[in-house]
>>> print(open('upload_11.cif').read())   # mmCIF, C-alpha atoms and all ligand atoms
data_run
#
loop_
_atom_site.label_atom_id
_atom_site.label_comp_id
_atom_site.auth_asym_id
_atom_site.auth_seq_id
_atom_site.Cartn_x
_atom_site.Cartn_y
_atom_site.Cartn_z
CA MET A 486 20.84 -10.46 9.25
CA PRO A 487 18.94 -13.60 10.36
CA HIS A 488 16.33 -14.87 7.95
CA ALA A 489 14.51 -18.08 7.19
CA TYR A 490 15.58 -18.66 3.58
CA GLU A 491 17.51 -21.77 2.60
CA ASP A 492 19.63 -19.66 0.30
CA VAL A 493 20.00 -16.04 -0.81
CA LEU A 494 21.88 -15.58 -4.07
CA VAL A 495 22.57 -12.12 -5.47
CA VAL A 496 22.34 -12.77 -9.21
CA ARG A 497 23.16 -9.16 -10.05
CA ASP A 498 24.17 -6.31 -7.78
CA GLY A 499 22.28 -3.05 -7.96
CA ASP A 500 22.87 0.31 -6.31
CA ALA A 501 22.64 0.94 -2.55
CA ARG A 502 18.83 1.16 -2.76
CA GLY A 503 18.56 -2.08 -4.72
CA ASN A 504 17.77 -0.53 -8.08
CA ARG A 505 18.27 -3.12 -10.87
CA MET A 506 19.30 -5.74 -8.31
CA VAL A 507 18.27 -9.34 -9.00
CA VAL A 508 18.19 -11.82 -6.13
CA ARG A 509 17.24 -15.49 -6.01
CA LEU A 510 15.74 -16.65 -2.74
CA THR A 511 15.18 -20.30 -1.91
CA THR A 512 12.43 -20.91 0.65
CA SER A 513 12.61 -23.60 3.34
CA SER A 514 10.51 -25.84 1.10
CA GLY A 515 13.03 -25.45 -1.73
CA ARG A 516 11.00 -23.13 -3.93
CA ARG A 517 12.93 -20.47 -5.82
CA ILE A 518 11.70 -16.90 -5.85
CA VAL A 519 13.36 -14.23 -7.97
CA ALA A 520 13.22 -10.66 -6.62
CA ILE A 521 13.80 -7.88 -9.15
CA GLY A 522 14.40 -4.27 -8.05
CA VAL A 523 12.57 -2.32 -10.77
CA PRO A 524 13.62 1.36 -10.47
CA GLN A 525 11.03 4.13 -10.23
CA PRO A 526 10.98 6.44 -13.29
CA ASP A 527 12.95 8.85 -11.09
CA ILE A 528 15.74 6.57 -9.94
CA GLU A 529 16.57 8.99 -7.11
CA ASP A 530 13.11 8.41 -5.58
CA ARG A 531 13.60 7.75 -1.87
CA LEU A 532 10.98 5.00 -1.93
CA GLY A 533 13.52 2.94 -3.86
CA PRO A 534 12.61 0.35 -6.49
CA THR A 535 9.40 -1.61 -6.69
CA TRP A 536 10.31 -5.24 -5.98
CA ALA A 537 8.69 -7.55 -8.51
CA TYR A 538 8.71 -11.26 -7.64
CA LEU A 539 8.83 -14.15 -10.07
CA PHE A 540 8.16 -17.76 -9.09
CA GLU A 541 6.65 -20.98 -10.38
CA CYS A 542 3.34 -22.22 -9.04
CA GLU A 543 0.67 -23.43 -11.49
CA GLY A 544 2.79 -21.76 -14.18
CA VAL A 545 5.10 -18.76 -13.92
CA ASN A 546 3.84 -15.89 -11.78
CA LEU A 547 5.00 -12.30 -11.52
CA VAL A 548 3.79 -10.39 -8.47
CA ASP A 549 3.76 -6.67 -9.43
CA ALA A 550 5.46 -5.20 -12.45
CA GLY A 551 6.83 -1.78 -11.46
CA ALA A 552 5.97 1.72 -12.60
CA HIS A 553 4.70 2.87 -15.98
CA GLY A 554 7.68 3.43 -18.27
CA THR A 555 9.99 0.93 -16.58
CA LEU A 556 9.15 -2.14 -18.66
CA ASP A 557 12.69 -2.43 -20.08
CA ASP A 558 14.11 -2.70 -16.56
CA LEU A 559 11.56 -5.36 -15.64
CA ASN A 560 12.29 -7.41 -18.78
CA ASP A 561 16.01 -7.05 -18.22
CA GLY A 562 15.66 -8.29 -14.64
CA ILE A 563 13.61 -11.30 -15.73
CA GLU A 564 16.22 -12.22 -18.34
CA THR A 565 19.05 -11.74 -15.85
CA ALA A 566 17.33 -14.33 -13.66
CA GLY A 567 17.38 -16.82 -16.54
CA TYR A 568 13.76 -16.49 -17.65
CA SER A 569 12.21 -14.93 -20.70
CA PRO A 570 9.35 -12.42 -20.24
CA SER A 571 7.26 -14.70 -22.46
CA ASP A 572 7.62 -17.47 -19.85
CA VAL A 573 5.32 -15.49 -17.53
CA ASP A 574 1.77 -16.85 -17.45
CA ARG A 575 0.22 -14.21 -15.21
CA VAL A 576 0.95 -10.93 -13.50
CA ILE A 577 -0.68 -10.63 -10.10
CA ILE A 578 -1.16 -6.98 -9.17
CA THR A 579 -1.07 -6.34 -5.42
CA HIS A 580 -2.97 -3.04 -5.78
CA GLY A 581 -3.80 -0.30 -8.22
CA HIS A 582 -1.02 2.19 -7.54
CA SER A 583 1.08 3.15 -10.54
CA ASP A 584 4.35 1.91 -9.06
CA HIS A 585 2.85 -1.61 -9.00
CA ASP A 586 0.67 -1.98 -12.07
CA GLY A 587 2.20 0.72 -14.31
CA ALA A 588 4.40 -1.63 -16.34
CA ALA A 589 1.90 -4.51 -16.23
CA PHE A 590 -0.48 -3.50 -19.02
CA ARG A 591 2.05 -3.59 -21.82
CA PHE A 592 3.85 -6.54 -20.27
CA VAL A 593 0.77 -8.78 -20.43
CA ARG A 594 -0.01 -7.64 -23.98
CA ASP A 595 3.55 -8.17 -25.21
CA ASN A 596 3.81 -11.61 -23.62
CA ASP A 597 0.27 -12.91 -23.95
CA ALA A 598 0.09 -13.23 -20.18
CA GLU A 599 -2.94 -12.77 -17.93
CA LEU A 600 -3.53 -9.88 -15.56
CA TRP A 601 -4.90 -10.90 -12.18
CA ALA A 602 -6.07 -8.44 -9.57
CA HIS A 603 -8.71 -8.13 -6.91
CA ASP A 604 -12.29 -7.61 -8.08
CA VAL A 605 -12.30 -4.13 -6.49
CA TYR A 606 -9.29 -3.26 -8.67
CA ALA A 607 -11.23 -4.21 -11.81
CA ARG A 608 -14.27 -2.22 -10.72
CA THR A 609 -12.32 0.95 -9.96
CA LEU A 610 -9.93 0.73 -12.90
CA THR A 611 -11.09 3.91 -14.61
CA PHE A 612 -11.42 6.06 -11.51
CA ASP A 613 -9.65 9.38 -11.40
CA ASP A 614 -8.47 9.76 -7.83
CA SER A 615 -7.85 13.47 -8.00
CA ARG A 616 -11.33 14.19 -9.38
CA ILE A 617 -12.94 12.06 -6.66
CA GLN A 618 -10.98 13.96 -4.06
CA ARG A 619 -12.03 17.35 -5.51
CA ASN A 620 -15.69 16.36 -5.26
CA LEU A 621 -15.58 15.36 -1.60
CA LYS A 622 -17.91 17.44 0.54
CA THR A 623 -17.23 16.57 4.22
CA PRO A 624 -15.62 19.10 6.64
CA LEU A 625 -12.33 17.16 6.61
CA ALA A 626 -12.33 16.92 2.82
CA ALA A 627 -13.00 20.66 2.60
CA GLN A 628 -9.78 21.26 4.54
CA MET A 629 -7.83 18.85 2.34
CA ASN A 630 -9.14 20.56 -0.79
CA ALA A 631 -8.41 24.03 0.60
CA HIS A 632 -4.77 22.95 0.79
CA ARG A 633 -4.96 21.67 -2.78
CA SER A 634 -6.28 24.88 -4.21
CA ARG A 635 -3.76 26.98 -2.26
CA ASN A 636 -0.94 24.95 -3.74
CA GLY A 637 -2.27 24.96 -7.29
CA ARG A 638 -2.34 22.00 -9.61
CA SER A 639 1.26 20.91 -9.38
CA ARG A 640 1.97 17.28 -10.24
CA ASP A 641 2.10 16.22 -6.64
CA SER A 642 -0.92 18.04 -5.32
CA ASP A 643 -3.11 17.31 -8.33
CA SER A 644 -2.86 13.58 -8.10
CA PHE A 645 -2.90 11.74 -4.82
CA TRP A 646 -0.27 9.25 -5.93
CA ARG A 647 2.23 10.14 -8.57
CA THR A 648 1.10 9.01 -11.96
CA GLU A 649 3.40 9.09 -14.93
CA PRO A 650 2.13 10.52 -18.24
CA GLY A 651 0.21 7.85 -20.14
CA TYR A 652 -0.47 5.70 -17.08
CA ARG A 653 -4.14 6.48 -16.68
CA GLU A 654 -4.84 5.91 -20.38
CA ALA A 655 -3.01 2.57 -20.34
CA LYS A 656 -4.96 1.52 -17.27
CA LYS A 657 -8.34 2.42 -18.74
CA GLY A 658 -7.77 0.05 -21.63
CA ALA A 659 -6.55 -2.84 -19.46
CA ASP A 660 -8.25 -6.22 -19.32
CA VAL A 661 -8.34 -7.90 -15.94
CA HIS A 662 -8.38 -11.57 -16.91
CA ARG A 663 -9.10 -12.84 -13.44
CA ARG A 664 -10.97 -10.87 -10.81
CA VAL A 665 -9.69 -12.34 -7.58
CA GLN A 666 -11.90 -12.57 -4.52
CA GLY A 667 -10.30 -12.87 -1.10
CA GLY A 668 -9.40 -16.36 0.13
CA GLU A 669 -8.84 -18.02 -3.24
CA LEU A 670 -6.43 -20.92 -3.55
CA VAL A 671 -4.41 -21.37 -6.74
CA GLY A 672 -2.18 -24.41 -6.37
CA ASP A 673 -0.05 -23.62 -3.32
CA MET A 674 -0.84 -19.91 -3.49
CA ARG A 675 -3.43 -18.27 -1.30
CA LEU A 676 -4.70 -14.86 -2.33
CA MET A 677 -5.82 -12.71 0.61
CA HIS A 678 -7.81 -9.49 0.34
CA THR A 679 -6.19 -7.01 2.72
CA PRO A 680 -7.77 -3.58 2.13
CA GLY A 681 -6.53 -0.51 3.99
CA HIS A 682 -3.51 0.94 2.19
CA SER A 683 -5.63 0.53 -0.92
CA PRO A 684 -9.18 -0.90 -1.16
CA ASP A 685 -8.06 -3.56 -3.65
CA GLU A 686 -4.88 -4.72 -1.88
CA LEU A 687 -3.98 -8.40 -2.26
CA CYS A 688 -1.41 -10.39 -0.32
CA VAL A 689 -0.15 -13.65 -1.80
CA VAL A 690 0.79 -16.44 0.61
CA LEU A 691 3.10 -19.18 -0.68
CA ASP A 692 4.94 -21.74 1.47
CA ASN A 693 6.33 -19.78 4.42
CA VAL A 694 6.38 -16.39 2.68
CA VAL A 695 3.79 -13.69 2.07
CA PHE A 696 4.12 -11.17 -0.76
CA THR A 697 2.67 -8.07 0.88
CA GLY A 698 2.73 -5.39 -1.84
CA ASP A 699 2.45 -2.15 0.19
CA HIS A 700 0.41 -3.74 2.98
CA VAL A 701 3.45 -4.51 5.16
CA LEU A 702 6.79 -2.79 4.50
CA PRO A 703 10.08 -2.80 6.39
CA GLU A 704 11.54 0.61 7.42
CA ILE A 705 8.49 2.64 6.44
CA THR A 706 4.86 2.55 7.52
CA PRO A 707 2.41 2.19 4.63
CA HIS A 708 -0.04 5.01 4.08
CA PRO A 709 -3.63 4.17 5.10
CA THR A 710 -6.55 5.29 2.92
CA CYS A 711 -9.12 7.74 4.24
CA ARG A 712 -12.72 6.70 4.72
CA VAL A 713 -13.86 9.97 3.06
CA ARG A 714 -12.59 8.59 -0.23
CA PHE A 715 -15.46 6.13 -0.20
CA THR A 716 -17.85 8.30 -2.21
CA GLU A 717 -21.21 7.58 -3.83
CA GLU A 718 -19.37 7.11 -7.11
CA VAL A 719 -17.23 4.40 -5.56
CA GLU A 720 -20.28 2.88 -3.92
CA ARG A 721 -22.10 2.70 -7.27
CA ALA A 722 -19.14 1.00 -8.94
CA LEU A 723 -18.84 -1.59 -6.20
CA SER A 724 -22.47 -2.39 -5.44
CA PRO A 725 -24.28 -4.62 -4.96
CA GLU A 726 -21.63 -7.22 -4.04
CA TYR A 727 -19.86 -4.90 -1.61
CA THR A 728 -22.67 -3.81 0.65
CA ASP A 729 -20.11 -3.01 3.29
CA ALA A 730 -17.83 -1.23 0.88
CA ASP A 731 -16.92 1.60 3.23
CA ALA A 732 -15.11 -1.16 5.13
CA LEU A 733 -12.58 -1.23 2.26
CA TYR A 734 -11.20 2.17 3.33
CA GLY A 735 -9.65 3.81 6.34
CA LEU A 736 -7.21 3.17 9.15
CA GLU A 737 -9.43 0.79 11.11
CA THR A 738 -9.82 -1.36 8.00
CA TYR A 739 -6.07 -1.25 7.53
CA ILE A 740 -5.41 -2.41 11.10
CA GLN A 741 -7.92 -5.25 10.70
CA SER A 742 -6.19 -6.37 7.50
CA LEU A 743 -2.82 -6.22 9.25
CA ARG A 744 -4.18 -8.58 11.92
CA LEU A 745 -5.34 -10.97 9.20
CA VAL A 746 -1.77 -11.32 7.94
CA GLU A 747 -0.34 -11.38 11.48
CA GLU A 748 -2.42 -14.49 12.13
CA LEU A 749 -0.31 -16.37 9.57
CA GLY A 750 2.29 -16.68 12.35
CA ARG A 751 5.79 -15.36 12.91
CA GLU A 752 7.47 -18.09 10.90
CA VAL A 753 6.02 -16.47 7.77
CA GLN A 754 8.51 -14.20 5.98
CA VAL A 755 7.47 -10.91 4.41
CA LEU A 756 8.44 -10.14 0.83
CA PRO A 757 7.49 -6.47 0.44
CA ALA A 758 7.14 -4.34 -2.70
CA HIS A 759 9.52 -1.71 -1.30
CA ARG A 760 12.68 -1.62 0.81
CA LEU A 761 13.54 -5.32 0.57
CA PHE A 762 17.05 -3.90 0.23
CA ASN A 763 18.17 -0.43 1.23
CA LYS A 764 21.38 1.37 2.26
CA GLY A 765 23.39 -1.57 1.00
CA ARG A 766 21.70 -4.27 3.08
CA PHE A 767 18.72 -6.62 3.03
CA ASN A 768 15.67 -5.91 5.17
CA PHE A 769 14.45 -9.45 5.70
CA THR A 770 11.53 -9.43 8.07
CA ASP A 771 8.65 -11.65 9.14
CA VAL A 772 5.04 -10.88 9.99
CA GLY A 773 6.22 -9.76 13.43
CA ARG A 774 6.82 -6.43 11.67
CA ILE A 775 3.04 -5.93 11.81
CA GLY A 776 3.11 -5.39 15.58
CA GLU A 777 5.47 -2.44 15.06
CA ILE A 778 3.21 -0.91 12.41
CA ILE A 779 0.15 -1.13 14.65
CA GLU A 780 2.10 0.38 17.58
CA HIS A 781 3.16 3.22 15.34
CA HIS A 782 -0.49 4.02 14.58
CA ALA A 783 -1.43 3.65 18.25
CA GLU A 784 1.20 6.28 19.04
CA ARG A 785 -0.10 8.61 16.36
CA LEU A 786 -3.69 8.22 17.56
CA GLU A 787 -2.58 9.24 21.06
CA LEU A 788 -0.66 12.21 19.67
CA ALA A 789 -3.66 13.32 17.62
CA LEU A 790 -5.95 13.05 20.61
CA ASP A 791 -3.51 15.00 22.81
CA VAL A 792 -3.57 17.89 20.34
CA VAL A 793 -7.36 18.28 20.45
CA ASP A 794 -7.71 17.50 24.15
CA GLY A 795 -8.72 20.48 26.22
CA GLY A 796 -8.94 23.47 23.91
CA GLY A 797 -9.74 21.64 20.69
CA GLY A 798 -7.88 21.93 17.43
CA THR A 799 -7.96 21.59 13.68
CA LEU A 800 -6.79 19.06 11.11
CA THR A 801 -3.80 21.33 10.47
CA ASP A 802 -2.84 21.15 14.18
CA VAL A 803 -3.03 17.34 14.08
CA THR A 804 -0.98 17.20 10.89
CA ARG A 805 1.68 19.44 12.46
CA ALA A 806 1.83 17.22 15.56
CA LEU A 807 2.11 14.01 13.55
CA PHE A 808 4.54 15.38 10.96
CA PRO A 809 6.47 18.23 12.62
CA ARG A 810 8.95 18.46 9.74
CA GLN A 811 6.32 18.77 6.98
CA THR A 812 5.21 22.27 6.09
CA PRO A 813 2.22 23.06 3.85
CA GLU A 814 4.73 24.12 1.16
CA SER A 815 6.22 20.63 0.99
CA PRO A 816 5.39 18.74 -2.23
CA VAL A 817 4.34 15.70 -0.17
CA TYR A 818 2.31 17.64 2.42
CA HIS A 819 -0.91 16.15 1.03
CA LEU A 820 0.31 12.73 2.15
CA ALA A 821 0.85 14.03 5.69
CA LEU A 822 -2.57 15.69 5.61
CA THR A 823 -4.43 12.60 4.42
CA GLU A 824 -2.58 10.41 6.92
CA ALA A 825 -3.77 12.81 9.66
CA VAL A 826 -7.31 12.50 8.26
CA ALA A 827 -7.15 8.69 8.52
CA HIS A 828 -6.26 9.01 12.22
CA VAL A 829 -8.88 11.68 12.93
CA GLU A 830 -11.51 9.51 11.21
CA LEU A 831 -10.72 6.49 13.37
CA LEU A 832 -10.93 8.61 16.53
CA HIS A 833 -14.21 10.09 15.31
CA GLU A 834 -15.71 6.68 14.46
CA SER A 835 -14.71 5.29 17.84
CA GLY A 836 -16.37 8.26 19.59
CA ASP A 837 -13.16 9.72 21.03
CA LEU A 838 -13.38 12.90 19.01
CA GLU A 839 -16.09 15.18 17.59
CA ILE A 840 -15.87 17.00 14.27
CA ALA A 841 -17.77 20.30 14.03
CA GLY A 842 -19.35 21.58 10.81
CA ASP A 843 -16.42 23.97 10.33
CA GLY A 844 -13.96 21.09 10.74
CA GLY A 845 -13.03 21.97 14.35
CA LEU A 846 -11.98 18.92 16.41
CA ARG A 847 -12.75 18.30 20.07
CA ALA A 848 -11.86 15.33 22.29
CA THR A 849 -14.76 13.66 24.09
CA GLY A 850 -12.65 12.19 26.89
CA SER A 851 -13.19 8.55 25.89
CA ARG A 852 -10.37 6.23 24.83
CA ASN A 853 -12.34 3.75 22.71
CA HIS A 854 -9.67 3.66 20.00
CA LEU A 855 -7.53 1.52 22.31
CA ARG A 856 -9.90 -1.36 21.59
CA ILE A 857 -9.09 -1.06 17.88
CA VAL A 858 -5.31 -0.86 18.20
CA GLY A 859 -5.43 -3.75 20.65
CA GLU A 860 -4.18 -4.40 24.13
CA SER A 861 -0.56 -5.12 23.34
CA ALA A 862 -0.02 -1.84 21.45
CA ALA A 863 -1.90 0.07 24.14
CA ALA A 864 0.17 -1.57 26.90
CA LYS A 865 3.44 -0.66 25.16
CA LEU A 866 2.31 2.95 24.97
CA ALA A 867 1.50 3.05 28.67
CA LYS A 868 5.11 2.17 29.52
ZN ZN B 1 0.62 1.63 -2.76
ZN ZN B 2 4.13 1.12 -3.70
#
>>> encode(input="upload_11.cif", output="structure tokens")
Amino acid sequence: MPHAYEDVLVVRDGDARGNRMVVRLTTSSGRRIVAIGVPQPDIEDRLGPTWAYLFECEGVNLVDAGAHGTLDDLNDGIETAGYSPSDVDRVIITHGHSDHDGAAFRFVRDNDAELWAHDVYARTLTFDDSRIQRNLKTPLAAQMNAHRSRNGRSRDSDSFWRTEPGYREAKKGADVHRRVQGGELVGDMRLMHTPGHSPDELCVVLDNVVFTGDHVLPEITPHPTCRVRFTEEVERALSPEYTDADALYGLETYIQSLRLVEELGREVQVLPAHRLFNKGRFNFTDVGRIGEIIEHHAERLELALDVVDGGGGTLTDVTRALFPRQTPESPVYHLALTEAVAHVELLHESGDLEIAGDGGLRATGSRNHLRIVGESAAAKLAK
């Protein structure tokens, strides 16, 4: 597969998904970056490992640490690459999902390293996602919660993202040593705030690569947040610095953040937190991948609008159209449902769709959302 690295050295082979694989990449400017495939606690997880990246720039940096309970695998990967965990000066967390920061809290304590994350991460550290979701009162949230209560409090429906036992407690006690704001420069690194998949998402730009966390992934399209998750509780925690804090959530925010990274230019290579390697091969990609992700959402917006055009429809109808293979009994149905919500919200905000008090959806006949997805994605759809 073509790529722009000077050299790609597999230091240790892993399995076909890249679990426990250690790779040393040399960028065009000669900088070495170690990629470590840290397995999920359930090694069979289809997401594959979380890729943690180690490199030198103003000290030794680790971008993401992997899930709670996988510290031994992370340490082993670092040692396999010829470093010691105690060499690491700072762990930069791309966003506050447990597969990224789970192993970080003990790692920084054990190794006297610093934890860096976006300011929004630090401010929402103690939030309980599932409780926030339960307290949502909008018509769309009512439908999401109706699904929740029908399916009981199983692990997957109780918590939006999987969280391993002990994770939330470890997180509550964490110190964020540096609260990053967007646009900061640290030596040759540039830290970009790219909210959308998560309100606190950071991308790290270094030489001709960008570490994207879950903001840009090969093979799979990252899950956008819903605007309804921006509650008064979140607003209180973020104010007064984030007067526009609802702009940290939702699909439109996500698309805007994608454009921000796209502007880096196609020569910039993406180093993602998932699927760097899968099915026995590397997925090297550049920021051109972003165009595909935006087109994918443009397609879904059209699909959603088609469903409610004419006779109207419900969130369930939209979810079924977007994810025909997912049934409400599926353990990951809540992800399909919330992804549908993110699309319905964007259509509602752009005036293309109305939401009735009972949650009924009706198309207005306008196509304003095309302005948000952009001309090139819209033109591709028209073909
Ligand atoms: Zn994530
Ligand atoms: Zn992730």
>>> residues_around(input="upload_11.cif", residues="Thr716 (chain A)", least_positions_apart="6", cutoff="12 Å", atoms="only C-alpha atoms", output="NGL selection string")
:A and (612 or 614 or 616-623 or 626 or 722-723 or 730-731 or 733-734)
>>> residues_near_ligand(input="upload_11.cif", ligand="ligand ZN 2 (chain B)", cutoff="12 Å", atoms="only C-alpha atoms and all ligand atoms", output="ChimeraX atom specification")
/A:523-525,530-537,549-552,578-587,646-648,682-683,686,697-702,705-708,757-760
>>> closest_residue(input="upload_11.cif", among="A:Val508, A:Leu820, A:Ala841, A:Ala589", to="Gly562 (chain A)", atoms="only C-alpha atoms")
A:Val508
>>> atom_distance(input="upload_11.cif", atom1="CA of Met506 (chain A)", atom2="CA of Leu600 (chain A)")
24.3 Å
>>> atom_distance(input="upload_11.cif", atom1="CA of Ala627 (chain A)", atom2="CA of Leu807 (chain A)")
19.8 Å
>>> residues_around(input="upload_11.cif", residues="Val519 (chain A)", least_positions_apart="4", cutoff="12 Å", atoms="only C-alpha atoms", output="PyMOL selection string")
chain A and resi 492-497+506-512+536-541+545-548+559+562-568+756
>>> closest_residue(input="upload_11.cif", among="A:Asp685, A:Asp557, A:Glu599, A:Glu704", to="ligand ZN 1 (chain B)", atoms="all atoms listed in the file")
A:Asp685
